[in-house]
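Next comes upload-v3.txt, a file with compact mmCIF, C-alpha atoms.
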# COMPACT_ATOMS: atom_id res chain seq x y z
CA MET A 1 123.45 -103.80 119.99
CA LYS A 2 120.70 -103.57 117.38
CA TYR A 3 118.31 -102.38 120.08
CA LEU A 4 120.67 -99.46 120.82
CA LEU A 5 120.99 -98.55 117.13
CA ALA A 6 117.23 -98.29 116.59
CA PRO A 7 116.74 -95.31 118.94
CA LEU A 8 119.88 -93.71 117.51
CA ALA A 9 118.43 -94.00 114.00
CA CYS A 10 115.25 -92.34 115.20
CA VAL A 11 117.22 -89.48 116.71
CA LEU A 12 119.24 -88.99 113.52
CA SER A 13 116.03 -89.05 111.46
CA LEU A 14 114.46 -86.43 113.71
CA VAL A 15 117.57 -84.23 113.44
CA SER A 16 117.37 -84.51 109.65
CA ILE A 17 113.72 -83.43 109.66
CA VAL A 18 114.49 -80.45 111.90
CA GLU A 19 117.43 -79.41 109.71
CA ARG A 20 115.23 -79.56 106.59
CA ALA A 21 112.53 -77.53 108.30
CA GLU A 22 115.09 -74.88 109.22
CA THR A 23 116.53 -74.66 105.70
CA GLU A 24 113.28 -74.87 103.71
CA SER A 25 111.71 -71.42 103.67
CA PRO A 26 107.93 -71.05 103.72
CA PRO A 27 106.30 -70.05 100.42
CA LEU A 28 106.76 -66.39 99.61
CA PRO A 29 103.53 -64.39 99.94
CA GLY A 30 102.16 -62.88 96.75
CA LEU A 31 103.88 -63.14 93.39
CA TYR A 32 107.48 -62.82 92.23
CA VAL A 33 109.32 -62.63 88.93
CA ASN A 34 112.15 -65.12 88.39
CA GLU A 35 115.46 -64.48 86.65
CA ASN A 36 113.91 -65.24 83.27
CA GLY A 37 110.99 -62.84 83.64
CA VAL A 38 108.42 -65.52 84.48
CA ILE A 39 105.75 -64.46 86.97
CA GLN A 40 105.52 -67.11 89.66
CA ARG A 41 103.47 -68.01 92.69
CA TYR A 42 104.45 -70.76 95.11
CA GLY A 43 107.30 -71.77 92.85
CA LYS A 44 105.26 -72.25 89.68
CA ALA A 45 104.43 -70.07 86.69
CA TYR A 46 101.23 -68.19 87.46
CA TYR A 47 98.45 -67.17 85.06
CA GLY A 48 95.45 -65.15 86.20
CA VAL A 49 92.94 -62.50 85.20
CA GLY A 50 91.81 -60.09 87.89
CA VAL A 51 89.92 -56.82 87.90
CA ASN A 52 90.49 -53.18 88.61
CA TYR A 53 88.60 -52.37 91.80
CA MET A 54 89.79 -48.80 91.59
CA ASP A 55 88.09 -47.20 94.59
CA ALA A 56 87.77 -50.16 96.96
CA PHE A 57 89.89 -48.19 99.45
CA THR A 58 89.38 -44.58 98.38
CA ARG A 59 85.62 -44.78 98.88
CA CYS A 60 86.45 -45.13 102.58
CA LEU A 61 88.06 -41.69 102.48
CA GLN A 62 84.70 -40.28 101.38
CA ASP A 63 82.72 -42.30 103.93
CA PRO A 64 84.65 -44.21 106.62
CA LYS A 65 81.54 -46.31 107.27
CA ASP A 66 81.55 -47.61 103.70
CA THR A 67 82.73 -51.22 103.89
CA SER A 68 81.09 -52.30 100.64
CA TYR A 69 84.48 -53.65 99.57
CA ARG A 70 83.74 -56.66 101.78
CA ALA A 71 80.85 -57.74 99.59
CA GLY A 72 82.92 -56.82 96.54
CA PHE A 73 85.79 -59.11 97.44
CA ALA A 74 83.35 -61.89 98.27
CA THR A 75 81.79 -61.49 94.82
CA LEU A 76 85.19 -61.71 93.15
CA ALA A 77 85.99 -64.85 95.12
CA ASP A 78 82.65 -66.40 94.19
CA HIS A 79 83.50 -65.88 90.52
CA GLY A 80 87.02 -67.25 90.85
CA ILE A 81 88.59 -63.85 90.14
CA PRO A 82 91.92 -64.02 91.95
CA PHE A 83 93.09 -60.45 92.45
CA ALA A 84 92.27 -56.75 92.21
CA ARG A 85 94.30 -53.69 91.25
CA LEU A 86 93.27 -50.65 93.31
CA ASN A 87 94.20 -47.10 94.26
CA PHE A 88 96.00 -47.10 97.62
CA GLY A 89 95.95 -43.36 98.26
CA GLY A 90 93.94 -40.24 97.53
CA PHE A 91 93.27 -39.28 93.91
CA TYR A 92 93.19 -35.52 94.55
CA PRO A 93 95.30 -33.71 97.17
CA ILE A 94 92.23 -33.05 99.32
CA GLU A 95 91.77 -36.79 99.71
CA TRP A 96 95.05 -37.05 101.64
CA ALA A 97 93.73 -34.90 104.48
CA LEU A 98 92.99 -37.84 106.78
CA TYR A 99 96.46 -39.29 106.25
CA GLN A 100 98.05 -35.99 107.18
CA GLU A 101 95.77 -35.23 110.13
CA ASP A 102 95.17 -38.67 111.61
CA PRO A 103 97.40 -41.35 110.04
CA GLU A 104 96.34 -43.93 112.62
CA ARG A 105 92.72 -43.64 111.53
CA TYR A 106 93.76 -43.56 107.86
CA PHE A 107 95.62 -46.84 108.15
CA ALA A 108 92.81 -48.38 110.18
CA LEU A 109 90.60 -47.89 107.11
CA MET A 110 93.26 -49.42 104.88
CA ASP A 111 93.66 -52.31 107.34
CA GLY A 112 89.99 -53.09 106.85
CA VAL A 113 90.43 -53.40 103.09
CA VAL A 114 93.49 -55.62 103.37
CA ARG A 115 91.86 -57.79 106.02
CA ALA A 116 88.73 -58.25 103.90
CA ALA A 117 90.88 -59.28 100.94
CA GLU A 118 92.71 -61.78 103.12
CA GLU A 119 89.45 -63.24 104.37
CA SER A 120 88.11 -63.63 100.83
CA GLY A 121 91.37 -65.00 99.47
CA VAL A 122 91.64 -62.17 96.92
CA GLY A 123 95.06 -60.76 96.07
CA LEU A 124 95.76 -57.03 95.84
CA ILE A 125 97.99 -54.98 93.56
CA PRO A 126 97.98 -51.54 95.22
CA SER A 127 98.83 -48.48 93.12
CA LEU A 128 100.19 -45.95 95.60
CA PHE A 129 100.28 -42.64 93.67
CA TRP A 130 97.52 -42.92 91.09
CA TRP A 131 97.42 -39.41 89.56
CA SER A 132 100.75 -37.93 88.48
CA ALA A 133 100.07 -34.40 89.75
CA CYS A 134 98.60 -35.31 93.11
CA ILE A 135 101.66 -35.60 95.36
CA PRO A 136 103.50 -32.60 93.86
CA ASP A 137 100.29 -30.56 94.35
CA LEU A 138 99.98 -31.85 97.88
CA VAL A 139 103.47 -30.71 98.88
CA GLY A 140 103.34 -27.46 96.89
CA GLU A 141 105.67 -28.34 94.02
CA PRO A 142 105.24 -28.51 90.23
CA ARG A 143 104.81 -31.94 88.66
CA ASN A 144 108.31 -32.16 87.21
CA ARG A 145 109.72 -32.53 90.74
CA TRP A 146 109.13 -36.25 90.27
CA GLY A 147 112.49 -35.99 88.52
CA ASP A 148 114.31 -34.56 91.56
CA PRO A 149 115.29 -37.10 94.26
CA GLU A 150 115.89 -34.20 96.69
CA SER A 151 112.40 -32.76 96.28
CA LYS A 152 109.57 -32.71 98.78
CA THR A 153 107.66 -34.89 96.31
CA HIS A 154 110.26 -37.65 96.63
CA ALA A 155 110.46 -37.23 100.40
CA PHE A 156 106.70 -37.74 100.67
CA MET A 157 106.88 -40.72 98.31
CA ARG A 158 109.61 -42.42 100.35
CA ARG A 159 107.78 -41.85 103.62
CA TYR A 160 104.47 -43.18 102.39
CA VAL A 161 106.00 -46.18 100.64
CA GLY A 162 107.92 -47.00 103.80
CA GLU A 163 104.80 -46.90 105.93
CA VAL A 164 102.61 -48.89 103.54
CA VAL A 165 105.11 -51.57 102.60
CA SER A 166 106.31 -52.06 106.20
CA ARG A 167 102.72 -52.42 107.34
CA TYR A 168 101.56 -54.95 104.75
CA LYS A 169 104.62 -56.77 103.43
CA ASN A 170 103.75 -59.89 105.40
CA SER A 171 100.13 -59.99 104.25
CA PRO A 172 99.26 -62.82 101.85
CA ALA A 173 96.80 -60.43 100.21
CA ILE A 174 99.54 -58.25 98.72
CA TRP A 175 100.59 -59.73 95.37
CA ALA A 176 102.62 -56.88 93.87
CA TRP A 177 103.28 -53.15 94.21
CA GLU A 178 102.59 -50.39 91.70
CA PHE A 179 103.72 -46.76 91.46
CA GLY A 180 100.82 -44.97 89.75
CA ASN A 181 98.55 -44.86 86.74
CA GLU A 182 99.64 -44.09 83.18
CA TYR A 183 102.35 -41.52 83.93
CA SER A 184 104.06 -42.47 80.66
CA LEU A 185 101.20 -41.01 78.59
CA ASN A 186 102.16 -37.52 79.79
CA VAL A 187 105.80 -37.49 78.67
CA ASP A 188 107.64 -35.85 75.77
CA LEU A 189 104.54 -34.29 74.21
CA PRO A 190 105.23 -31.57 71.61
CA ASN A 191 102.17 -29.67 72.78
CA PRO A 192 102.45 -30.06 76.57
CA ALA A 193 100.44 -26.95 77.43
CA GLU A 194 97.36 -28.71 76.08
CA HIS A 195 97.91 -31.70 78.36
CA ARG A 196 98.80 -30.14 81.70
CA PRO A 197 97.01 -31.38 84.82
CA TRP A 198 93.68 -30.08 85.97
CA THR A 199 93.39 -26.94 88.10
CA HIS A 200 90.57 -28.00 90.40
CA VAL A 201 91.32 -25.65 93.27
CA HIS A 202 88.49 -27.05 95.38
CA LYS A 203 90.23 -30.44 95.16
CA GLY A 204 93.57 -29.06 96.33
CA CYS A 205 95.11 -28.33 92.92
CA PRO A 206 96.84 -25.03 92.10
CA ALA A 207 94.94 -22.42 90.12
CA GLU A 208 97.56 -22.31 87.36
CA ARG A 209 99.93 -24.69 85.60
CA GLY A 210 103.11 -23.98 83.70
CA PRO A 211 106.09 -25.58 81.93
CA GLU A 212 107.37 -27.05 85.19
CA ASP A 213 104.29 -29.27 85.23
CA ASP A 214 105.41 -30.95 82.00
CA LEU A 215 106.99 -34.40 82.12
CA ARG A 216 109.80 -36.06 80.23
CA THR A 217 110.68 -39.73 80.04
CA GLU A 218 113.69 -39.15 82.26
CA THR A 219 111.45 -37.51 84.87
CA ILE A 220 109.40 -40.62 85.37
CA ARG A 221 112.45 -42.89 85.12
CA VAL A 222 113.94 -41.08 88.12
CA ALA A 223 110.67 -41.40 90.04
CA LEU A 224 110.15 -45.06 89.17
CA THR A 225 113.72 -45.99 90.05
CA ALA A 226 113.46 -44.28 93.44
CA PHE A 227 110.09 -45.91 94.08
CA GLY A 228 111.46 -49.34 93.24
CA GLU A 229 114.56 -48.90 95.38
CA THR A 230 112.46 -47.77 98.33
CA ILE A 231 110.30 -50.87 98.05
CA ARG A 232 113.22 -53.26 97.52
CA ALA A 233 114.78 -52.07 100.77
CA LEU A 234 111.69 -53.45 102.53
CA ASP A 235 110.25 -56.16 100.28
CA THR A 236 112.82 -58.20 98.42
CA HIS A 237 110.61 -60.29 96.17
CA ARG A 238 107.20 -58.92 95.21
CA PRO A 239 106.92 -57.64 91.63
CA ILE A 240 107.02 -53.87 91.11
CA SER A 241 105.03 -52.22 88.31
CA GLY A 242 105.16 -48.65 87.08
CA GLY A 243 101.47 -48.72 86.17
CA ASN A 244 102.19 -47.36 82.70
CA SER A 245 99.78 -47.53 79.82
CA LEU A 246 100.63 -48.84 76.37
CA PRO A 247 103.21 -46.50 74.81
CA ARG A 248 101.82 -43.93 72.41
CA THR A 249 102.16 -45.02 68.79
CA ALA A 250 105.10 -42.61 68.42
CA ALA A 251 106.57 -42.75 71.95
CA PHE A 252 110.11 -43.51 70.79
CA HIS A 253 110.11 -40.74 68.18
CA LEU A 254 108.50 -38.22 70.53
CA LEU A 255 111.40 -38.75 72.91
CA GLN A 256 114.11 -38.68 70.26
CA GLU A 257 112.89 -35.95 67.92
CA GLY A 258 109.50 -34.68 69.03
CA SER A 259 107.74 -36.15 66.01
CA TRP A 260 104.65 -38.30 65.56
CA THR A 261 106.47 -40.76 63.28
CA PRO A 262 105.05 -44.22 64.13
CA ASP A 263 107.40 -46.44 66.11
CA THR A 264 108.57 -49.74 64.69
CA PRO A 265 108.02 -52.93 66.71
CA ALA A 266 111.65 -52.78 67.84
CA GLU A 267 111.26 -49.17 68.98
CA PHE A 268 108.02 -50.09 70.75
CA ARG A 269 109.80 -52.84 72.68
CA GLU A 270 112.70 -50.54 73.53
CA ASN A 271 110.34 -47.91 74.90
CA LEU A 272 108.58 -50.46 77.11
CA LEU A 273 111.85 -51.19 78.86
CA LEU A 274 112.90 -47.55 78.97
CA VAL A 275 109.87 -46.71 81.14
CA THR A 276 110.38 -49.84 83.27
CA PRO A 277 113.78 -49.14 84.85
CA ASP A 278 115.35 -51.51 87.34
CA PRO A 279 114.50 -52.54 89.97
CA LEU A 280 110.98 -52.61 88.47
CA ASP A 281 110.38 -56.11 87.14
CA LEU A 282 106.86 -55.85 85.74
CA VAL A 283 106.33 -54.15 82.39
CA SER A 284 102.88 -52.52 82.53
CA ILE A 285 100.56 -51.90 79.58
CA HIS A 286 96.87 -50.99 79.29
CA VAL A 287 94.99 -52.30 76.27
CA TYR A 288 91.64 -51.19 74.86
CA PRO A 289 90.18 -51.49 71.35
CA HIS A 290 91.58 -48.16 70.18
CA ALA A 291 95.12 -49.24 71.08
CA ARG A 292 95.49 -51.18 67.83
CA LYS A 293 94.94 -48.16 65.56
CA GLY A 294 97.95 -46.56 63.89
CA ARG A 295 100.33 -48.96 65.57
CA PHE A 296 103.62 -49.65 63.70
CA GLY A 297 102.45 -47.42 60.87
CA GLU A 298 99.55 -49.71 60.02
CA GLU A 299 95.91 -48.75 60.01
CA SER A 300 95.15 -51.40 62.61
CA ILE A 301 96.86 -54.46 64.04
CA SER A 302 95.42 -57.50 65.80
CA TYR A 303 95.20 -57.89 69.55
CA ALA A 304 97.34 -61.01 69.17
CA ARG A 305 100.18 -59.07 67.57
CA LEU A 306 99.97 -56.34 70.17
CA PHE A 307 100.24 -58.82 73.04
CA ASP A 308 103.02 -60.75 71.31
CA GLU A 309 105.13 -57.63 70.77
CA ALA A 310 104.63 -56.47 74.37
CA ALA A 311 105.52 -59.92 75.69
CA ALA A 312 108.64 -59.95 73.52
CA GLY A 313 109.67 -56.56 74.87
CA ALA A 314 109.26 -57.71 78.47
CA LYS A 315 111.21 -60.88 77.70
CA ASP A 316 114.04 -58.79 76.21
CA GLY A 317 114.47 -57.23 79.64
CA LYS A 318 113.80 -60.47 81.55
CA LYS A 319 110.81 -58.83 83.16
CA GLY A 320 107.23 -59.99 83.60
CA LEU A 321 104.32 -58.45 81.68
CA PHE A 322 101.26 -57.07 83.44
CA VAL A 323 98.27 -55.95 81.40
CA GLY A 324 97.13 -53.67 84.20
CA GLU A 325 93.97 -52.66 82.33
CA PHE A 326 92.05 -54.20 79.49
CA GLY A 327 88.39 -54.16 78.68
CA ALA A 328 85.46 -53.51 76.46
CA PRO A 329 84.75 -50.02 75.18
CA PRO A 330 82.19 -47.82 76.97
CA ASP A 331 78.83 -49.09 75.82
CA ASN A 332 77.07 -45.73 76.11
CA LYS A 333 79.09 -44.04 73.35
CA ALA A 334 78.64 -44.47 69.60
CA PRO A 335 79.41 -46.57 67.69
CA TRP A 336 79.25 -49.03 70.59
CA THR A 337 76.12 -50.59 71.98
CA PRO A 338 75.89 -52.86 75.02
CA GLU A 339 75.74 -55.85 72.67
CA SER A 340 78.68 -54.87 70.43
CA ALA A 341 80.79 -53.76 73.39
CA LEU A 342 80.29 -57.14 75.04
CA GLU A 343 81.35 -58.94 71.88
CA GLU A 344 84.45 -56.76 71.57
CA GLY A 345 85.27 -57.43 75.22
CA LYS A 346 84.99 -61.16 74.61
CA LYS A 347 87.22 -60.87 71.54
CA LEU A 348 89.87 -59.00 73.50
CA THR A 349 89.70 -61.50 76.35
CA ALA A 350 90.02 -64.45 73.97
CA ALA A 351 93.13 -62.90 72.39
CA LEU A 352 94.58 -62.36 75.85
CA LEU A 353 94.07 -66.02 76.75
CA GLU A 354 95.84 -67.16 73.59
CA SER A 355 98.79 -64.83 74.18
CA PRO A 356 101.92 -65.23 76.35
CA VAL A 357 100.46 -62.77 78.90
CA GLN A 358 100.40 -64.22 82.41
CA LEU A 359 98.79 -61.42 84.41
CA ALA A 360 95.97 -59.06 83.44
CA ALA A 361 93.27 -56.99 85.15
CA TYR A 362 89.89 -56.11 83.64
CA TRP A 363 88.67 -52.50 83.78
CA VAL A 364 86.52 -52.01 85.88
CA PHE A 365 84.56 -53.58 88.76
CA ASP A 366 82.02 -51.71 90.92
CA PHE A 367 83.15 -48.19 90.02
CA ALA A 368 80.20 -45.82 90.46
CA TRP A 369 81.93 -43.01 88.56
CA GLN A 370 81.70 -45.14 85.39
CA GLU A 371 78.36 -46.78 86.07
CA LYS A 372 76.99 -45.44 82.78
CA SER A 373 79.92 -46.57 80.68
CA MET A 374 82.19 -49.40 81.86
CA SER A 375 81.56 -50.44 85.46
CA VAL A 376 80.61 -54.08 86.01
CA THR A 377 78.54 -55.16 89.01
CA THR A 378 76.39 -58.15 89.88
CA THR A 379 73.23 -56.16 89.26
CA ASN A 380 73.82 -53.94 86.21
CA HIS A 381 73.54 -54.93 82.56
CA ARG A 382 77.28 -55.67 82.34
CA LYS A 383 77.17 -58.44 84.94
CA GLY A 384 77.85 -60.98 82.21
CA TYR A 385 81.49 -59.87 82.16
CA LEU A 386 81.96 -61.56 85.53
CA ASP A 387 81.09 -64.87 83.90
CA VAL A 388 83.53 -64.11 81.07
CA LEU A 389 86.32 -63.52 83.61
CA GLU A 390 85.38 -66.62 85.58
CA ALA A 391 85.62 -68.74 82.44
CA ALA A 392 88.93 -67.09 81.57
CA ASN A 393 90.48 -68.08 84.88
CA GLN A 394 89.15 -71.61 84.55
CA ALA A 395 90.86 -71.86 81.18
CA LEU A 396 94.12 -70.44 82.54
CA ALA A 397 94.10 -72.96 85.41
CA THR A 398 94.79 -75.72 82.88
CA ARG A 399 98.07 -74.19 81.66
Here is the file; what I need is its structure written in the form of structure tokens.
Amino acid sequence: MKYLLAPLACVLSLVSIVERAETESPPLPGLYVNENGVIQRYGKAYYGVGVNYMDAFTRCLQDPKDTSYRAGFATLADHGIPFARLNFGGFYPIEWALYQEDPERYFALMDGVVRAAEESGVGLIPSLFWWSACIPDLVGEPRNRWGDPESKTHAFMRRYVGEVVSRYKNSPAIWAWEFGNEYSLNVDLPNPAEHRPWTHVHKGCPAERGPEDDLRTETIRVALTAFGETIRALDTHRPISGGNSLPRTAAFHLLQEGSWTPDTPAEFRENLLLVTPDPLDLVSIHVYPHARKGRFGEESISYARLFDEAAAGAKDGKKGLFVGEFGAPPDNKAPWTPESALEEGKKLTAALLESPVQLAAYWVFDFAWQEKSMSVTTTNHRKGYLDVLEAANQALATR
């Protein structure tokens, strides 16, 4: 009898293994934010410092033969830099011509970028609509149509998000999704006519701007909510960021009363969540040296306090915190020199490492447009920043 039981035990053991394999899901690709606002990867809290590789894809729209991003991703991997935030669409309307005329070729170029990131093991946080006026200009509407779900602007947004997310949602290279860049800096301004978008007609912009190009907080809340809902219908777990900058020092008061009265820490935290509506689950801020000035009615505050307050705000909403940009000041503008800018960059990075922040991206890697000011490459005089970021990730790996 015991000889009959032995094979039966083997069969039952095999059934148990199969059942476990069927019920245990494979690790989710990319990142996700848990119910407590903790950014996770493979089931564990994740800490990492990446870079902004702003035009890794858009340079292909200028020259389809430009595959320099391959070497760029390899460089990031060599320095242990885990991910890159990048523009995943045209900056100006004219740069969407290929998408409109030959989408198959357009996405073939994007495929090359994603594939290269996969091969190098570098994650991507794509920002789909970088400049706030671009898509409204492209479809012939004023910028405030971001606040109208029935607009052509929203229709274009939903179509493009659907195509991009459907195409890449299974790629391990995609870590999170982002709406655009710093839309929140354009809202509720008492002098909006002085801050309206450019009128570069040769780039596809209109020749004139007017009051309908002005933005309010509610305008971008509508856009961000629709963006998030469109993504969540296709990708149920990856974090979603609005791409906002740090709130202006008076963001809460500008919304409420149109005044430049400095916000309190509590008002600062409230504003962070106001411009990160559900289903977005990543609060986005951008931090540079000037961001500390005039904050909370004080002449200057520390980086540590700034990060702590932002982290507290994100925690209030049970959302993650993404410092989507941070970096040293431009070292070609007084009072900064290459030496003092480097030291300030190190100081900012050190404060970041000591803070609760889990995810941050340095501005900027291999960006020719800022070669004279902030771009870091392996060959220019700012190459030392790559070593700073490598050391930062080594330190974070011990958390």
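Put simply, atom CA of Glu325 of chain A is 8.0 Å away from atom CA of Val51 of chain A.
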At most 7 Å is the cut-off: for each residue in segment 145-227 of chain A with any atom that close to an atom of segment 253-265 of chain A, write down the nearest atom pair and the distance in Å rounded to one decimal, counting only C-alpha atoms, chain first then increasing number, as CSV.
residue,atom,partner,partner_atom,distance
A:Asp188,CA,A:Leu255,CA,5.5
A:Leu189,CA,A:Leu254,CA,6.7
A:Pro190,CA,A:Gly258,CA,5.9
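In this model, the gap between atom CA of Ala361 of chain A and atom CA of Val49 of chain A comes to 5.5 Å.
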Between segment 211-304 of chain A and segment 329-339 of chain A, at 9 Å or less, what are the per-residue closest atom pairs and their distances in Å? Count all atoms listed in the file, order by chain and rising residue number, and return it as JSON lines.
{"residue": "A:Tyr288", "atom": "CA", "partner": "A:Pro329", "partner_atom": "CA", "distance": 7.0}
{"residue": "A:Pro289", "atom": "CA", "partner": "A:Pro329", "partner_atom": "CA", "distance": 6.8}
{"residue": "A:His290", "atom": "CA", "partner": "A:Pro329", "partner_atom": "CA", "distance": 8.7}
Check which residues of segment 90-184 of chain A sit at most 8 Å from segment 67-78 of chain A using all atoms listed in the file, and return one row each with the closest pair of atoms and their distance in Å to one decimal, ordered by chain and rising number, as CSV.
residue,atom,partner,partner_atom,distance
A:Val113,CA,A:Tyr69,CA,6.9
A:Ala116,CA,A:Arg70,CA,5.7
A:Ala117,CA,A:Phe73,CA,6.2
A:Ser120,CA,A:Ala74,CA,5.7
A:Gly121,CA,A:Ala77,CA,6.9
A:Val122,CA,A:Ala77,CA,6.5
Report as CSV: every residue of segment 82-156 of chain A with an atom at most 8 Å from segment 221-227 of chain A, its closest pair of atoms, and their distance in Å to one decimal, counting all atoms listed in the file, with rows sorted by chain and ascending residue number.
residue,atom,partner,partner_atom,distance
A:Trp146,CA,A:Ala223,CA,5.4
A:Gly147,CA,A:Val222,CA,5.3
A:Asp148,CA,A:Val222,CA,7.4
A:Pro149,CA,A:Val222,CA,7.4
A:His154,CA,A:Ala223,CA,7.6
The residue from A:Pro29, A:Arg158, A:Met54, A:Leu128 with the smallest atom-to-atom distance to Ala368 of chain A, counting all atoms listed in the file, is A:Met54
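Proximity to Gly243 of chain A was assessed for A:Ile231, A:Ile125, A:Ile174, A:Met110 counting all atoms listed in the file; the smallest distance is recorded for A:Ile125.
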Residues of segment 22-48 of chain A that have any atom at most 9 Å from an atom of segment 392-397 of chain A: could you tabulate them with the shortest-distance atom pair and the distance in Å to one decimal, using only C-alpha atoms, ordered by chain and increasing number, as a tab-separated table?
residue	atom	partner	partner_atom	distance
A:Tyr46	CA	A:Ala397	CA	8.8
A:Tyr47	CA	A:Leu396	CA	6.0
A:Gly48	CA	A:Asn393	CA	5.9
Output C-alpha atoms of each residue in that selection to a file, as a short mmCIF file (atom, residue, chain, number, x, y, z; two decimals), in the coordinates of the input.
data_model
loop_
_atom_site.label_atom_id
_atom_site.label_comp_id
_atom_site.auth_asym_id
_atom_site.auth_seq_id
_atom_site.Cartn_x
_atom_site.Cartn_y
_atom_site.Cartn_z
CA TYR A 46 101.23 -68.19 87.46
CA TYR A 47 98.45 -67.17 85.06
CA GLY A 48 95.45 -65.15 86.20
#
### Message
Report as JSON, numbers by chain all protein, DNA and RNA residues lying within 6 Å of Ala360 of chain A, evaluated on all atoms listed in the file, omitting residues in the same chain fewer than 3 positions from it.
### Response
{"A": [49, 322, 323, 324]}
Serialized selection, C-alpha atoms, as a PDB file, keeping the file's coordinate frame:
ATOM      1  CA  VAL A  49      92.940 -62.500  85.200  1.00  0.00           C
ATOM      2  CA  PHE A 322     101.260 -57.070  83.440  1.00  0.00           C
ATOM      3  CA  VAL A 323      98.270 -55.950  81.400  1.00  0.00           C
ATOM      4  CA  GLY A 324      97.130 -53.670  84.200  1.00  0.00           C
TER       5      GLY A 324
END
As a PDB file, keeping the file's coordinate frame, please: segment 184-189 of chain A completed to all heavy atoms.
ATOM      1  N   SER A 184     103.311 -42.509  81.916  1.00  0.00           N
ATOM      2  CA  SER A 184     104.060 -42.470  80.660  1.00  0.00           C
ATOM      3  C   SER A 184     103.286 -41.790  79.528  1.00  0.00           C
ATOM      4  O   SER A 184     103.895 -41.356  78.537  1.00  0.00           O
ATOM      5  CB  SER A 184     104.451 -43.884  80.222  1.00  0.00           C
ATOM      6  OG  SER A 184     103.301 -44.689  80.013  1.00  0.00           O
ATOM      7  N   LEU A 185     101.971 -41.682  79.634  1.00  0.00           N
ATOM      8  CA  LEU A 185     101.200 -41.010  78.590  1.00  0.00           C
ATOM      9  C   LEU A 185     101.422 -39.504  78.584  1.00  0.00           C
ATOM     10  O   LEU A 185     101.080 -38.819  77.621  1.00  0.00           O
ATOM     11  CB  LEU A 185      99.702 -41.299  78.764  1.00  0.00           C
ATOM     12  CG  LEU A 185      99.211 -42.699  78.395  1.00  0.00           C
ATOM     13  CD1 LEU A 185      97.705 -42.784  78.562  1.00  0.00           C
ATOM     14  CD2 LEU A 185      99.598 -43.061  76.964  1.00  0.00           C
ATOM     15  N   ASN A 186     101.995 -38.967  79.652  1.00  0.00           N
ATOM     16  CA  ASN A 186     102.160 -37.520  79.790  1.00  0.00           C
ATOM     17  C   ASN A 186     103.540 -37.019  79.384  1.00  0.00           C
ATOM     18  O   ASN A 186     103.815 -35.826  79.502  1.00  0.00           O
ATOM     19  CB  ASN A 186     101.918 -37.116  81.254  1.00  0.00           C
ATOM     20  CG  ASN A 186     100.508 -37.425  81.714  1.00  0.00           C
ATOM     21  OD1 ASN A 186      99.560 -36.825  81.256  1.00  0.00           O
ATOM     22  ND2 ASN A 186     100.374 -38.371  82.629  1.00  0.00           N
ATOM     23  N   VAL A 187     104.406 -37.908  78.895  1.00  0.00           N
ATOM     24  CA  VAL A 187     105.800 -37.490  78.670  1.00  0.00           C
ATOM     25  C   VAL A 187     106.081 -37.105  77.223  1.00  0.00           C
ATOM     26  O   VAL A 187     105.451 -37.607  76.289  1.00  0.00           O
ATOM     27  CB  VAL A 187     106.772 -38.617  79.096  1.00  0.00           C
ATOM     28  CG1 VAL A 187     106.554 -38.995  80.548  1.00  0.00           C
ATOM     29  CG2 VAL A 187     106.634 -39.854  78.207  1.00  0.00           C
ATOM     30  N   ASP A 188     107.032 -36.180  77.075  1.00  0.00           N
ATOM     31  CA  ASP A 188     107.640 -35.850  75.770  1.00  0.00           C
ATOM     32  C   ASP A 188     106.655 -35.310  74.741  1.00  0.00           C
ATOM     33  O   ASP A 188     106.924 -35.377  73.532  1.00  0.00           O
ATOM     34  CB  ASP A 188     108.346 -37.082  75.179  1.00  0.00           C
ATOM     35  CG  ASP A 188     109.311 -37.730  76.148  1.00  0.00           C
ATOM     36  OD1 ASP A 188     109.950 -36.994  76.919  1.00  0.00           O
ATOM     37  OD2 ASP A 188     109.430 -38.971  76.134  1.00  0.00           O
ATOM     38  N   LEU A 189     105.535 -34.761  75.165  1.00  0.00           N
ATOM     39  CA  LEU A 189     104.540 -34.290  74.210  1.00  0.00           C
ATOM     40  C   LEU A 189     104.969 -32.969  73.589  1.00  0.00           C
ATOM     41  O   LEU A 189     105.448 -32.065  74.288  1.00  0.00           O
ATOM     42  CB  LEU A 189     103.187 -34.137  74.899  1.00  0.00           C
ATOM     43  CG  LEU A 189     102.575 -35.441  75.423  1.00  0.00           C
ATOM     44  CD1 LEU A 189     101.326 -35.153  76.239  1.00  0.00           C
ATOM     45  CD2 LEU A 189     102.249 -36.386  74.273  1.00  0.00           C
TER      46      LEU A 189
END
